[in-house]
Amino acid sequence: MSYPQLAIDCSKIYHNTKALIHRLGLKNIMVIPVTKICLGHPIIAQVLINAGATILADSRVENIGKMRRAGITQPIMLIRSPMISQVTEVIQYCSISLNTELSVIQGLSCAANKLGVIHDIIIMVELGDLREGLMTEDLMAFIEKIIFLPNIILKGIGTNLACRYGISPDNTNMSQLSDLADAIEKKFDIQLDIISGGNSATLNWAFNNVSKTRVNQLRLGEAVFLGTEALHQDKIEGLFCDFITLTAEVIESKIKPSLPWGQQALNAFGETPKTCDRGDVSQAILALGRQDVSIAGLKPPNGVTIVSSTSDHLVVETSKILEVGEKIEFHLTYGGILFAMTSPFVDKLFLKY
Ligand SMILES: *Cc1c(COP(=O)(O)O)cnc(C)c1O
């Protein structure tokens with residue numbers, strides 16, 4: 001066991017996934033758990049599958065490749081528009097991808113043709129948040145260009161809201177998506193199986209919606225792992241919000257003045273931190289730094305205040321004196337988890353269920 005250490009409680013991920021699949025199932029909405037927060041970690045992917053996920057999603061081909069090499073055989077959706085330089089890997093690893101660019105879909109078509117496989121696509125539609133997606137007025141002409149491309153099947157349409165500007169999914173934009181699906185089916189005489197209504201920001205709408213909708217899929221990361229919806233970060237009833245903790249070890253503990261002395265110039269990061277005299281403080285250094293975690297993503301326990309950080313040190317002030325060797329447990333924000341998962345210095349401990 002080594003520190004800093006992420007402890008990942010797989011039973012909480014399992015519970016959350018199962019609960020969301022069940023509750024959204026009652027609304028005829030399929031849950032696709034999004035694995036980017038855990039960089040497509042195969043152990044977690046398997047937990048999601050055991051909990052009932054029949055398809056997974058990730059934003060990075062590298063993460064999807066990792067799951068494939070670990071023996072995950074379920075369909076996996078690529079949810080960031082593919083890089084045209086990566087179309088071959090996309091075809092090799094992903095059964096389906098979200099798309100917005102003609103040249104990319106043509107590239108996917110060529111690669112799929114060469115490899116002798118069929119690749120499904122979902123076309124993303126812009127509904128106001130101004131990240132990925134075709135403007136609605138361009139949709140029909142676009143589909144005309146891709147519909148007969150070899151080895152490509154148009155499975156549906158989708159949208160992504162809230163990530164850039166916090167634009168909320170509501171009856172207006174969700175109905176618009178449904179109507180567009182109807183119109184496409186009519187014009188091209190095809191059936192669209194998937195209407196992908198968004199991410200964890202679409203949950204409140206989905207739970208509360210009573211009108212008829214064609215939205216039948218959500219891509220959920222935050223809700224599955226953190227048990228929160230994305231618009232207000234409200235807890236979702238009955239879900240766990242604490243599947244992961246980061247534990248770091250105390251390497252120095254002293255009573256020190258709060259005010260530094262000597263001439264102040266730039267610190268190691270080119271900053272000039274403000275100083276003020278708060279008298280003597282109980283200061284501890286943890287073996288945890290900017291190479292391990294984004295400091296802004298750390299939520300310290302009661303009685304511990306983060307005051308500074310460098311590449312390898314986290315300086316905290318505490319209400320009681322800490323012992324050298326003592327372990328301090330932090331909770332993490334979404335960003336904090338992402339960063340800590342990425343650091344090769346952070347040990348990952350999977351608590352099985
Ligand atoms: C990250 C992402 C998701 C999942 O978002 P959460 O808010 O974590 O549920 C869904 N769709 C796309 C396109 C994404 O990039």
# chains A, B, ... in the order shown; residues from 1 in each chain; ligands from 1

call {"tool": "residues_around", "arguments": {"residues": "range 178-182 of chain A", "least_positions_apart": "5", "cutoff": "12 Å", "atoms": "only C-alpha atoms", "output": "VMD selection string"}}
result
chain A and resid 122 to 127 135 to 140 143 154 to 159 171 to 173 187 to 197 211 to 216

call {"tool": "write_last_selection", "arguments": {"atoms": "N, CA and C atoms", "output": "compact mmCIF listing (two decimals), in the first residue's frame"}}
result
# COMPACT_ATOMS: atom_id res chain seq x y z
N ILE A 122 -23.90 8.67 -34.51
CA ILE A 122 -24.97 9.56 -34.06
C ILE A 122 -24.55 10.96 -34.45
N ILE A 123 -25.47 11.70 -35.07
CA ILE A 123 -25.16 13.08 -35.44
C ILE A 123 -25.58 14.00 -34.29
N MET A 124 -24.65 14.83 -33.87
CA MET A 124 -24.94 15.75 -32.77
C MET A 124 -25.52 17.06 -33.31
N VAL A 125 -26.53 17.55 -32.61
CA VAL A 125 -27.26 18.74 -33.03
C VAL A 125 -27.02 19.86 -32.01
N GLU A 126 -26.78 21.06 -32.51
CA GLU A 126 -26.58 22.24 -31.64
C GLU A 126 -27.93 22.74 -31.17
N LEU A 127 -28.12 22.76 -29.85
CA LEU A 127 -29.40 23.26 -29.33
C LEU A 127 -29.21 24.43 -28.37
N MET A 135 -25.85 23.02 -36.66
CA MET A 135 -26.98 23.93 -36.58
C MET A 135 -28.17 23.21 -37.21
N THR A 136 -29.34 23.35 -36.60
CA THR A 136 -30.49 22.55 -37.05
C THR A 136 -30.80 22.77 -38.54
N GLU A 137 -30.61 23.99 -39.02
CA GLU A 137 -30.95 24.27 -40.42
C GLU A 137 -30.02 23.55 -41.40
N ASP A 138 -28.88 23.09 -40.92
CA ASP A 138 -27.93 22.39 -41.80
C ASP A 138 -28.08 20.87 -41.75
N LEU A 139 -28.95 20.40 -40.86
CA LEU A 139 -29.00 18.98 -40.56
C LEU A 139 -29.40 18.11 -41.75
N MET A 140 -30.48 18.50 -42.43
CA MET A 140 -31.00 17.65 -43.52
C MET A 140 -29.99 17.52 -44.66
N ILE A 143 -27.20 15.19 -43.59
CA ILE A 143 -27.56 13.76 -43.59
C ILE A 143 -27.62 13.22 -45.02
N LEU A 154 -26.38 5.45 -39.86
CA LEU A 154 -26.89 6.54 -39.02
C LEU A 154 -27.87 5.95 -38.02
N LYS A 155 -27.44 5.90 -36.75
CA LYS A 155 -28.25 5.26 -35.71
C LYS A 155 -29.19 6.23 -35.02
N GLY A 156 -28.81 7.52 -35.07
CA GLY A 156 -29.66 8.45 -34.36
C GLY A 156 -29.07 9.84 -34.31
N ILE A 157 -29.72 10.68 -33.50
CA ILE A 157 -29.20 12.04 -33.29
C ILE A 157 -29.08 12.27 -31.79
N GLY A 158 -28.31 13.30 -31.48
CA GLY A 158 -28.11 13.57 -30.06
C GLY A 158 -27.75 15.02 -29.83
N THR A 159 -27.65 15.38 -28.58
CA THR A 159 -27.23 16.73 -28.26
C THR A 159 -26.44 16.73 -26.97
N ASN A 171 -38.09 21.31 -21.76
CA ASN A 171 -39.08 20.78 -22.69
C ASN A 171 -38.88 21.33 -24.09
N THR A 172 -38.47 22.58 -24.19
CA THR A 172 -38.32 23.20 -25.52
C THR A 172 -37.22 22.51 -26.32
N ASN A 173 -35.99 22.46 -25.76
CA ASN A 173 -34.92 21.88 -26.58
C ASN A 173 -35.05 20.36 -26.73
N LYS A 187 -38.27 12.24 -43.89
CA LYS A 187 -37.62 12.69 -45.12
C LYS A 187 -36.79 11.58 -45.76
N PHE A 188 -36.09 10.80 -44.93
CA PHE A 188 -35.17 9.80 -45.51
C PHE A 188 -35.72 8.38 -45.46
N ASP A 189 -36.91 8.25 -44.94
CA ASP A 189 -37.54 6.94 -44.82
C ASP A 189 -36.63 5.95 -44.10
N ILE A 190 -36.13 6.38 -42.97
CA ILE A 190 -35.28 5.51 -42.14
C ILE A 190 -35.82 5.52 -40.72
N GLN A 191 -35.23 4.64 -39.88
CA GLN A 191 -35.61 4.66 -38.48
C GLN A 191 -34.40 5.05 -37.65
N LEU A 192 -34.60 5.98 -36.73
CA LEU A 192 -33.52 6.36 -35.82
C LEU A 192 -33.78 5.68 -34.48
N ASP A 193 -32.86 4.79 -34.11
CA ASP A 193 -33.07 4.03 -32.87
C ASP A 193 -32.68 4.82 -31.62
N ILE A 194 -31.72 5.70 -31.79
CA ILE A 194 -31.17 6.37 -30.60
C ILE A 194 -31.41 7.87 -30.66
N ILE A 195 -32.02 8.39 -29.63
CA ILE A 195 -32.11 9.84 -29.47
C ILE A 195 -31.41 10.12 -28.14
N SER A 196 -30.18 10.64 -28.27
CA SER A 196 -29.28 10.75 -27.12
C SER A 196 -29.41 12.15 -26.52
N GLY A 197 -30.09 12.22 -25.40
CA GLY A 197 -30.53 13.52 -24.86
C GLY A 197 -29.53 14.26 -23.99
N SER A 211 -44.35 14.41 -20.54
CA SER A 211 -44.88 14.42 -21.91
C SER A 211 -44.15 13.38 -22.75
N LYS A 212 -44.72 13.10 -23.91
CA LYS A 212 -44.17 12.11 -24.80
C LYS A 212 -42.83 12.62 -25.33
N THR A 213 -41.83 11.77 -25.34
CA THR A 213 -40.54 12.21 -25.87
C THR A 213 -39.89 11.04 -26.59
N ARG A 214 -39.01 11.38 -27.53
CA ARG A 214 -38.27 10.33 -28.19
C ARG A 214 -36.88 10.15 -27.58
N VAL A 215 -36.54 11.01 -26.63
CA VAL A 215 -35.23 10.86 -25.97
C VAL A 215 -35.19 9.52 -25.25
N ASN A 216 -34.27 8.67 -25.66
CA ASN A 216 -34.23 7.33 -25.08
C ASN A 216 -32.84 6.90 -24.63

call {"tool": "residues_near_ligand", "arguments": {"ligand": "ligand 1", "cutoff": "8 Å", "atoms": "only C-alpha atoms and all ligand atoms", "output": "ChimeraX atom specification"}}
result
/A:33-34,36-37,58-59,79-80,98,159-160,163,198-201,218-224,229-230

call {"tool": "residues_around", "arguments": {"residues": "Ala53 in chain A", "least_positions_apart": "5", "cutoff": "10 Å", "atoms": "only C-alpha atoms", "output": "PyMOL selection string"}}
result
chain A and resi 17-18+21+30-33+45-48+74

call {"tool": "closest_residue", "arguments": {"among": "A:Thr310, A:Thr305, A:Thr228, A:Ser294", "to": "Ala268 in chain A", "atoms": "only C-alpha atoms"}}
result
A:Thr310

call {"tool": "residues_around", "arguments": {"residues": "Asn113 in chain A", "least_positions_apart": "2", "cutoff": "10 Å", "atoms": "only C-alpha atoms", "output": "compact mmCIF listing (two decimals) with C-alpha atoms, in the first residue's frame"}}
result
# COMPACT_ATOMS: atom_id res chain seq x y z
CA ILE A 91 -13.18 1.90 -36.04
CA GLY A 107 -12.73 9.04 -42.97
CA LEU A 108 -14.60 6.66 -40.68
CA SER A 109 -16.38 5.21 -43.70
CA CYS A 110 -13.07 4.56 -45.50
CA ALA A 111 -11.47 3.01 -42.43
CA LEU A 115 -11.36 -3.20 -42.03
CA GLY A 116 -14.57 -4.76 -43.32
CA VAL A 117 -16.77 -3.63 -40.44
CA ILE A 118 -19.85 -1.47 -39.97
CA HIS A 119 -19.59 1.63 -37.79
CA LEU A 149 -21.60 6.34 -47.21
CA PRO A 150 -20.36 2.74 -47.23
CA ASN A 151 -20.00 0.90 -43.88
CA ILE A 152 -21.63 3.74 -41.92

call {"tool": "closest_residue", "arguments": {"among": "A:Thr272, A:Thr88, A:Gln263, A:Gln217", "to": "Lys27 in chain A", "atoms": "only C-alpha atoms"}}
result
A:Gln217

call {"tool": "residues_around", "arguments": {"residues": "Asn302 in chain A", "least_positions_apart": "4", "cutoff": "12 Å", "atoms": "only C-alpha atoms", "output": "list of chain:residue names"}}
result
A:Ile306, A:Val316, A:Glu317, A:Thr318, A:Ser319, A:Lys320, A:Ile328, A:Glu329, A:Phe330, A:His331

call {"tool": "write_last_selection", "arguments": {"atoms": "all heavy atoms", "output": "mmCIF file, in the first residue's frame"}}
result
data_model
loop_
_atom_site.group_PDB
_atom_site.id
_atom_site.type_symbol
_atom_site.label_atom_id
_atom_site.label_comp_id
_atom_site.auth_asym_id
_atom_site.auth_seq_id
_atom_site.Cartn_x
_atom_site.Cartn_y
_atom_site.Cartn_z
ATOM 1 N N ILE A 306 -6.081 23.978 3.719
ATOM 2 C CA ILE A 306 -4.971 23.990 2.759
ATOM 3 C C ILE A 306 -4.488 25.424 2.629
ATOM 4 O O ILE A 306 -5.278 26.324 2.348
ATOM 5 C CB ILE A 306 -5.445 23.456 1.389
ATOM 6 C CG1 ILE A 306 -5.872 21.991 1.529
ATOM 7 C CG2 ILE A 306 -4.355 23.631 0.335
ATOM 8 C CD1 ILE A 306 -6.587 21.428 0.319
ATOM 9 N N VAL A 316 -0.569 22.434 5.022
ATOM 10 C CA VAL A 316 -1.873 22.643 5.655
ATOM 11 C C VAL A 316 -1.671 23.222 7.051
ATOM 12 O O VAL A 316 -0.615 23.058 7.664
ATOM 13 C CB VAL A 316 -2.686 21.313 5.765
ATOM 14 C CG1 VAL A 316 -2.972 20.738 4.402
ATOM 15 C CG2 VAL A 316 -1.974 20.287 6.645
ATOM 16 N N GLU A 317 -2.685 23.929 7.505
ATOM 17 C CA GLU A 317 -2.723 24.350 8.902
ATOM 18 C C GLU A 317 -3.864 23.594 9.562
ATOM 19 O O GLU A 317 -4.907 23.369 8.941
ATOM 20 C CB GLU A 317 -2.928 25.860 8.997
ATOM 21 C CG GLU A 317 -1.676 26.619 8.580
ATOM 22 C CD GLU A 317 -1.834 28.135 8.581
ATOM 23 O OE1 GLU A 317 -2.842 28.643 9.129
ATOM 24 O OE2 GLU A 317 -0.951 28.789 8.010
ATOM 25 N N THR A 318 -3.612 23.188 10.801
ATOM 26 C CA THR A 318 -4.587 22.300 11.428
ATOM 27 C C THR A 318 -4.957 22.789 12.817
ATOM 28 O O THR A 318 -4.182 23.494 13.470
ATOM 29 C CB THR A 318 -4.005 20.869 11.548
ATOM 30 O OG1 THR A 318 -2.772 20.932 12.259
ATOM 31 C CG2 THR A 318 -3.768 20.270 10.184
ATOM 32 N N SER A 319 -6.125 22.399 13.239
ATOM 33 C CA SER A 319 -6.597 22.820 14.557
ATOM 34 C C SER A 319 -5.917 22.005 15.661
ATOM 35 O O SER A 319 -5.694 22.479 16.746
ATOM 36 C CB SER A 319 -8.115 22.688 14.642
ATOM 37 O OG SER A 319 -8.502 21.401 14.227
ATOM 38 N N LYS A 320 -5.581 20.743 15.349
ATOM 39 C CA LYS A 320 -4.775 19.974 16.316
ATOM 40 C C LYS A 320 -3.486 19.521 15.628
ATOM 41 O O LYS A 320 -3.458 19.367 14.400
ATOM 42 C CB LYS A 320 -5.576 18.791 16.870
ATOM 43 C CG LYS A 320 -5.759 17.631 15.910
ATOM 44 C CD LYS A 320 -6.321 16.425 16.675
ATOM 45 C CE LYS A 320 -6.390 15.135 15.900
ATOM 46 N NZ LYS A 320 -5.370 14.709 15.005
ATOM 47 N N ILE A 328 -4.143 11.597 6.126
ATOM 48 C CA ILE A 328 -5.255 12.548 6.039
ATOM 49 C C ILE A 328 -6.086 12.212 4.801
ATOM 50 O O ILE A 328 -5.535 12.031 3.707
ATOM 51 C CB ILE A 328 -4.731 14.005 5.932
ATOM 52 C CG1 ILE A 328 -3.779 14.311 7.098
ATOM 53 C CG2 ILE A 328 -5.881 15.002 5.881
ATOM 54 C CD1 ILE A 328 -4.424 14.272 8.458
ATOM 55 N N GLU A 329 -7.390 12.146 5.000
ATOM 56 C CA GLU A 329 -8.278 11.722 3.910
ATOM 57 C C GLU A 329 -9.041 12.912 3.332
ATOM 58 O O GLU A 329 -9.685 13.660 4.069
ATOM 59 C CB GLU A 329 -9.258 10.687 4.478
ATOM 60 C CG GLU A 329 -10.080 9.985 3.425
ATOM 61 C CD GLU A 329 -10.998 8.933 4.043
ATOM 62 O OE1 GLU A 329 -10.490 7.852 4.421
ATOM 63 O OE2 GLU A 329 -12.200 9.196 4.161
ATOM 64 N N PHE A 330 -8.968 13.069 2.020
ATOM 65 C CA PHE A 330 -9.661 14.159 1.326
ATOM 66 C C PHE A 330 -10.787 13.599 0.465
ATOM 67 O O PHE A 330 -10.651 12.516 -0.110
ATOM 68 C CB PHE A 330 -8.696 14.896 0.391
ATOM 69 C CG PHE A 330 -7.583 15.616 1.099
ATOM 70 C CD1 PHE A 330 -6.414 14.949 1.451
ATOM 71 C CD2 PHE A 330 -7.698 16.958 1.411
ATOM 72 C CE1 PHE A 330 -5.382 15.613 2.102
ATOM 73 C CE2 PHE A 330 -6.674 17.627 2.061
ATOM 74 C CZ PHE A 330 -5.513 16.954 2.407
ATOM 75 N N HIS A 331 -11.857 14.359 0.353
ATOM 76 C CA HIS A 331 -12.819 14.094 -0.707
ATOM 77 C C HIS A 331 -12.418 14.934 -1.922
ATOM 78 O O HIS A 331 -11.605 15.849 -1.806
ATOM 79 C CB HIS A 331 -14.239 14.405 -0.234
ATOM 80 C CG HIS A 331 -14.761 13.348 0.694
ATOM 81 N ND1 HIS A 331 -14.748 13.488 2.060
ATOM 82 C CD2 HIS A 331 -15.264 12.117 0.440
ATOM 83 C CE1 HIS A 331 -15.231 12.384 2.617
ATOM 84 N NE2 HIS A 331 -15.545 11.528 1.659
#

call {"tool": "residues_around", "arguments": {"residues": "Ile96 in chain A", "least_positions_apart": "2", "cutoff": "6 Å", "atoms": "only C-alpha atoms", "output": "MDAnalysis selection string"}}
result
chainID A and resid 77 94 119:121

call {"tool": "residues_around", "arguments": {"residues": "Phe207 in chain A", "least_positions_apart": "6", "cutoff": "12 Å", "atoms": "only C-alpha atoms", "output": "CSV table (one decimal) with all heavy atoms, in the first residue's frame"}}
result
chain,number,residue,atom,x,y,z
A,20,LEU,N,-29.6,4.0,-11.4
A,20,LEU,CA,-29.9,4.9,-12.5
A,20,LEU,C,-30.5,4.1,-13.7
A,20,LEU,O,-31.5,4.6,-14.3
A,20,LEU,CB,-28.7,5.7,-12.9
A,20,LEU,CG,-28.3,6.8,-12.0
A,20,LEU,CD1,-26.8,7.3,-12.2
A,20,LEU,CD2,-29.2,8.0,-12.0
A,22,HIS,N,-32.3,1.5,-13.4
A,22,HIS,CA,-33.6,1.1,-13.1
A,22,HIS,C,-34.6,2.3,-13.2
A,22,HIS,O,-35.6,2.3,-13.9
A,22,HIS,CB,-33.7,0.6,-11.7
A,22,HIS,CG,-35.0,0.4,-11.2
A,22,HIS,ND1,-35.9,-0.6,-11.6
A,22,HIS,CD2,-35.8,1.1,-10.2
A,22,HIS,CE1,-37.0,-0.5,-11.0
A,22,HIS,NE2,-37.0,0.5,-10.2
A,23,ARG,N,-34.2,3.4,-12.6
A,23,ARG,CA,-35.1,4.6,-12.6
A,23,ARG,C,-35.3,5.2,-14.0
A,23,ARG,O,-36.4,5.6,-14.3
A,23,ARG,CB,-34.5,5.7,-11.7
A,23,ARG,CG,-34.7,5.3,-10.2
A,23,ARG,CD,-34.3,6.5,-9.4
A,23,ARG,NE,-33.6,6.0,-8.2
A,23,ARG,CZ,-33.0,6.8,-7.3
A,23,ARG,NH1,-32.9,8.1,-7.5
A,23,ARG,NH2,-32.5,6.3,-6.2
A,24,LEU,N,-34.2,5.2,-14.8
A,24,LEU,CA,-34.4,5.8,-16.1
A,24,LEU,C,-35.1,4.8,-17.0
A,24,LEU,O,-35.8,5.1,-18.0
A,24,LEU,CB,-33.1,6.3,-16.7
A,24,LEU,CG,-32.6,7.6,-16.0
A,24,LEU,CD1,-31.2,7.9,-16.3
A,24,LEU,CD2,-33.5,8.8,-16.4
A,25,GLY,N,-34.9,3.5,-16.7
A,25,GLY,CA,-35.6,2.4,-17.5
A,25,GLY,C,-37.1,2.6,-17.4
A,25,GLY,O,-37.8,2.4,-18.4
A,26,LEU,N,-37.6,3.1,-16.3
A,26,LEU,CA,-39.0,3.3,-16.1
A,26,LEU,C,-39.5,4.4,-17.1
A,26,LEU,O,-40.7,4.5,-17.4
A,26,LEU,CB,-39.4,3.7,-14.7
A,26,LEU,CG,-39.0,2.7,-13.6
A,26,LEU,CD1,-39.3,3.3,-12.2
A,26,LEU,CD2,-39.8,1.4,-13.8
A,27,LYS,N,-38.6,5.2,-17.5
A,27,LYS,CA,-38.9,6.3,-18.4
A,27,LYS,C,-38.5,5.9,-19.8
A,27,LYS,O,-38.4,6.8,-20.7
A,27,LYS,CB,-38.1,7.6,-18.0
A,27,LYS,CG,-38.5,8.1,-16.6
A,27,LYS,CD,-39.5,9.2,-16.8
A,27,LYS,CE,-39.9,9.8,-15.4
A,27,LYS,NZ,-41.1,10.7,-15.6
A,28,ASN,N,-38.2,4.7,-20.0
A,28,ASN,CA,-37.7,4.2,-21.3
A,28,ASN,C,-36.4,4.9,-21.8
A,28,ASN,O,-36.2,5.1,-23.0
A,28,ASN,CB,-38.7,4.3,-22.4
A,28,ASN,CG,-39.8,3.3,-22.2
A,28,ASN,OD1,-39.6,2.1,-21.9
A,28,ASN,ND2,-41.1,3.7,-22.4
A,29,ILE,N,-35.6,5.2,-20.9
A,29,ILE,CA,-34.3,5.9,-21.2
A,29,ILE,C,-33.2,4.9,-20.8
A,29,ILE,O,-33.1,4.5,-19.7
A,29,ILE,CB,-34.2,7.3,-20.5
A,29,ILE,CG1,-35.2,8.2,-21.1
A,29,ILE,CG2,-32.8,7.8,-20.7
A,29,ILE,CD1,-35.2,9.6,-20.5
A,169,PRO,N,-31.1,21.6,-20.3
A,169,PRO,CA,-32.1,20.8,-21.0
A,169,PRO,C,-33.5,21.1,-20.5
A,169,PRO,O,-33.7,21.2,-19.3
A,169,PRO,CB,-31.7,19.4,-20.7
A,169,PRO,CG,-30.3,19.5,-20.2
A,169,PRO,CD,-30.2,20.8,-19.6
A,170,ASP,N,-34.4,21.4,-21.4
A,170,ASP,CA,-35.8,21.6,-21.0
A,170,ASP,C,-36.8,21.1,-22.0
A,170,ASP,O,-36.4,20.5,-23.0
A,170,ASP,CB,-36.0,23.1,-20.7
A,170,ASP,CG,-35.7,24.0,-22.0
A,170,ASP,OD1,-35.7,23.4,-23.1
A,170,ASP,OD2,-35.4,25.2,-21.8
A,200,SER,N,-25.3,14.3,-17.5
A,200,SER,CA,-25.9,14.3,-16.2
A,200,SER,C,-26.8,15.6,-16.0
A,200,SER,O,-27.5,15.7,-15.0
A,200,SER,CB,-24.9,14.2,-15.1
A,200,SER,OG,-24.2,13.0,-15.2
A,201,ALA,N,-26.6,16.6,-16.9
A,201,ALA,CA,-27.4,17.8,-16.8
A,201,ALA,C,-28.8,17.6,-17.2
A,201,ALA,O,-29.7,18.4,-17.0
A,201,ALA,CB,-26.8,18.9,-17.6
A,218,LEU,N,-29.3,8.5,-22.2
A,218,LEU,CA,-28.5,9.5,-21.6
A,218,LEU,C,-27.1,9.0,-21.4
A,218,LEU,O,-26.9,7.8,-21.1
A,218,LEU,CB,-29.0,10.0,-20.3
A,218,LEU,CG,-30.4,10.7,-20.3
A,218,LEU,CD1,-30.7,11.2,-18.8
A,218,LEU,CD2,-30.4,12.0,-21.2
A,229,GLU,N,-26.6,15.5,-10.0
A,229,GLU,CA,-27.0,15.9,-11.3
A,229,GLU,C,-26.1,17.1,-11.6
A,229,GLU,O,-25.5,17.7,-10.6
A,229,GLU,CB,-28.5,16.3,-11.4
A,229,GLU,CG,-29.0,17.3,-10.5
A,229,GLU,CD,-28.7,18.7,-11.0
A,229,GLU,OE1,-29.0,18.9,-12.2
A,229,GLU,OE2,-28.3,19.6,-10.3
A,236,ILE,N,-28.6,13.2,-6.0
A,236,ILE,CA,-29.7,12.4,-6.5
A,236,ILE,C,-30.1,11.5,-5.3
A,236,ILE,O,-29.2,10.8,-4.8
A,236,ILE,CB,-29.3,11.6,-7.7
A,236,ILE,CG1,-28.8,12.6,-8.8
A,236,ILE,CG2,-30.5,10.8,-8.2
A,236,ILE,CD1,-28.1,11.9,-10.0
A,237,GLU,N,-31.4,11.5,-5.0
A,237,GLU,CA,-31.8,10.7,-3.9
A,237,GLU,C,-31.5,9.2,-4.0
A,237,GLU,O,-31.6,8.6,-5.1
A,237,GLU,CB,-33.4,10.8,-3.8
A,237,GLU,CG,-33.8,10.7,-2.4
A,237,GLU,CD,-35.3,10.9,-2.3
A,237,GLU,OE1,-35.8,11.9,-2.7
A,237,GLU,OE2,-36.0,9.9,-1.8

call {"tool": "atom_distance", "arguments": {"atom1": "CA of Lys274 in chain A", "atom2": "CA of Leu298 in chain A"}}
result
21.2 Å

call {"tool": "atom_distance", "arguments": {"atom1": "CA of Leu203 in chain A", "atom2": "CA of Ile13 in chain A"}}
result
17.3 Å

call {"tool": "closest_residue", "arguments": {"among": "A:Gly335, A:Gly262, A:Pro42, A:Gly52", "to": "Thr73 in chain A", "atoms": "only C-alpha atoms"}}
result
A:Pro42
